[in-house]
Amino acid sequence: MKYTLQVFTGSWHDAHEQPEKILGRITEISRRIPVERVIVGWNTDPSLYRTLGHGLRRAGIQMLLWLPVFTEVREAAETEEALDLAGQRIVPPGKQAEEAFAFDCPSSRRNLQAVKALFEKYFSDCGFDGVFLDRIRTQSFAAGVSGVLSCGCARCREMFRKKGVDTETVLKRYRQQKDTFFDLADYPMDGRFTLKDPLAQRFFEAKEEIVAEAAAELCRYFKEKDLIVGLDLFAPLVSRFVGQNYTKITEYADFIKPMLYRRTEAPAGIGYEYVLFEQYAPGAQGRIRLTAGRELLDSQLEAVRSASCEVYPGIELNYHKNLVRTDADYVTDSLKAIREHGFAGAALCWNIMEVPDAHIDAAAALE
């Protein structure tokens, strides 16, 4: 099985690890498991990537730029933020405030141009083989219901209208129904839920279309530069609430890395996101009963097959005693499942520089 590694080099202008140290870590790991590509970013120091890219090319390993789309970009460029359906700023409730990202509007021309401009300014001549588009979605329940019922800027309202959805009516319906707005007629493990309210259902379908259109534009832009394009996606069970429909959003991508994180108690963790749905819509009917074991992973591995491109299931190898309680047995179990389901590769997430050696040992023992 071929592996994709991730290396976080810090945000746009933060200090970063020395490229020699990063390359040494990757070289050490690639002696033990077959490494196909490395996703690295998104510090803007070009010397980092030129040095790293030279070493990776000699080793026959592809280097892809880790590039956020609808969060983080505002730290380096002028962007337009996402709004809730009342046209107000999205403020994460209570204890979730520190854990939620601030998101930008998915339909904004300025926002899409900002991503392209940042690539051209900082990364276009660094020797990347491709780009890996992260956070190409709307907010999740980490920002409460107002995060999920977004974006409500004037431009998005018009896009929704053209798709047959009046967002004022959606907001009025939610305010009338509260939790029952999210009542489900069906919630299969692949996440392709059917909401009982046809208006609520159509809202989420239209949002998926808006996000997929943005993804398509960026995919085409980078592929015209002969770059590989990968996407970072929520697990199917929770992806639709953030506007990620696996069939639609993957149409123009080369591969995806679904975040099948069962031990992550932070945004993108399957259980974490699902519990937030329960927390902010506690009265909603029709939800499934979620377990965090192998059954959950098996269901998501089958569900990601709906993608229109190659799939490299992402498993978290990072460890943190409060946020990511992984261990070697978890790594072994996860990678065995990926093999048993017939996938040719997996992604080891989300910063190989912070992964315990015991976790790498577990992966190597399967070779």
# chains A, B, ... in the order shown; residues from 1 in each chain; ligands from 1
>>> closest_atom_pairs(of="segment 172-291 of chain A", to="segment 323-329 of chain A", cutoff="6 Å", atoms="only C-alpha atoms", output="tab-separated table")
residue	atom	partner	partner_atom	distance
A:Arg263	CA	A:Val324	CA	5.5
A:Thr264	CA	A:Val324	CA	4.6
A:Glu265	CA	A:Leu323	CA	4.8
>>> residues_around(residues="Arg175 of chain A", least_positions_apart="5", cutoff="12 Å", atoms="only C-alpha atoms", output="list in words")
Leu85, Ala86, Val145, Ser146, Leu149, Glu168, Thr169, Val170, Thr180, Phe181 and Phe182 of chain A
>>> closest_residue(among="A:Asp190, A:Asp226, A:Glu36, A:Glu78", to="Ser108 of chain A", atoms="only C-alpha atoms")
A:Glu78
>>> atom_distance(atom1="atom CA of Asp197 of chain A", atom2="atom CA of Thr167 of chain A")
14.3 Å
>>> atom_distance(atom1="atom CA of Tyr246 of chain A", atom2="atom CA of Ile228 of chain A")
18.3 Å
>>> residues_around(residues="Thr4 of chain A", least_positions_apart="6", cutoff="10 Å", atoms="only C-alpha atoms", output="list of chain:residue names")
A:Pro34, A:Val35, A:Glu36, A:Arg37, A:Val38, A:Ile39, A:Ile61, A:Gln62, A:Met63, A:Lys257, A:Tyr312, A:Pro313, A:Gly314, A:Gly345, A:Ala346, A:Ala347, A:Leu348, A:Cys349
>>> write_last_selection(atoms="N, CA and C atoms", output="CSV table (one decimal), in the first residue's frame")
chain,number,residue,atom,x,y,z
A,34,PRO,N,6.3,2.5,1.9
A,34,PRO,CA,6.4,3.1,0.6
A,34,PRO,C,5.6,4.5,0.5
A,35,VAL,N,6.3,5.6,0.4
A,35,VAL,CA,5.7,6.9,0.4
A,35,VAL,C,5.6,7.4,-1.0
A,36,GLU,N,4.4,7.7,-1.4
A,36,GLU,CA,4.1,8.1,-2.8
A,36,GLU,C,4.2,9.6,-3.0
A,37,ARG,N,3.6,10.3,-2.0
A,37,ARG,CA,3.6,11.8,-2.0
A,37,ARG,C,3.6,12.4,-0.6
A,38,VAL,N,4.0,13.7,-0.6
A,38,VAL,CA,4.0,14.4,0.6
A,38,VAL,C,3.2,15.7,0.4
A,39,ILE,N,2.2,16.0,1.3
A,39,ILE,CA,1.4,17.2,1.3
A,39,ILE,C,2.1,18.1,2.3
A,61,ILE,N,9.4,11.0,-4.8
A,61,ILE,CA,8.2,11.3,-4.1
A,61,ILE,C,7.7,12.6,-4.5
A,62,GLN,N,6.4,12.6,-4.8
A,62,GLN,CA,5.7,13.9,-5.2
A,62,GLN,C,5.5,14.8,-4.1
A,63,MET,N,5.6,16.1,-4.4
A,63,MET,CA,5.4,17.2,-3.4
A,63,MET,C,4.2,18.0,-3.8
A,257,LYS,N,-8.7,12.9,0.1
A,257,LYS,CA,-8.3,12.3,1.4
A,257,LYS,C,-9.5,12.5,2.3
A,312,TYR,N,-7.7,8.1,-1.1
A,312,TYR,CA,-6.7,7.7,-0.1
A,312,TYR,C,-7.2,8.0,1.3
A,313,PRO,N,-7.9,7.0,1.9
A,313,PRO,CA,-8.5,7.3,3.2
A,313,PRO,C,-7.4,7.9,4.2
A,314,GLY,N,-7.9,8.9,4.9
A,314,GLY,CA,-7.0,9.6,5.9
A,314,GLY,C,-7.2,9.1,7.3
A,345,GLY,N,-4.0,2.9,-1.3
A,345,GLY,CA,-3.1,3.8,-0.5
A,345,GLY,C,-3.9,4.4,0.6
A,346,ALA,N,-3.2,5.0,1.5
A,346,ALA,CA,-3.8,5.7,2.7
A,346,ALA,C,-2.9,7.0,2.9
A,347,ALA,N,-3.6,7.9,3.6
A,347,ALA,CA,-2.9,9.1,4.0
A,347,ALA,C,-2.7,9.1,5.6
A,348,LEU,N,-1.5,9.4,6.0
A,348,LEU,CA,-1.1,9.4,7.4
A,348,LEU,C,-1.1,10.9,7.8
A,349,CYS,N,-2.1,11.2,8.7
A,349,CYS,CA,-2.4,12.6,9.0
A,349,CYS,C,-2.1,13.0,10.4
>>> select_by_dssp(residues="segment 33-194 of chain A", states="alpha helix (DSSP H)", output="VMD selection string")
chain A and resid 46 to 58 109 to 118 144 to 148 154 to 162 167 to 177
>>> select_by_dssp(residues="segment 109-143 of chain A", states="strand (DSSP E)", output="list in words")
Gly130, Val131, Phe132, Leu133 and Asp134 of chain A
>>> write_last_selection(atoms="C-alpha atoms", output="PDB file, in the first residue's frame")
ATOM      1  CA  GLY A 130       0.261  19.440  -7.293  1.00  0.00           C
ATOM      2  CA  VAL A 131      -1.996  21.127  -4.765  1.00  0.00           C
ATOM      3  CA  PHE A 132      -4.093  19.741  -1.942  1.00  0.00           C
ATOM      4  CA  LEU A 133      -7.166  21.898  -1.300  1.00  0.00           C
ATOM      5  CA  ASP A 134      -8.191  21.878   2.344  1.00  0.00           C
TER       6      ASP A 134
END
>>> atom_distance(atom1="atom CA of Val69 of chain A", atom2="atom CA of Asn111 of chain A")
8.0 Å
>>> closest_residue(among="A:Thr27, A:Glu367, A:Val40, A:Ala253", to="Arg58 of chain A", atoms="only C-alpha atoms")
A:Thr27
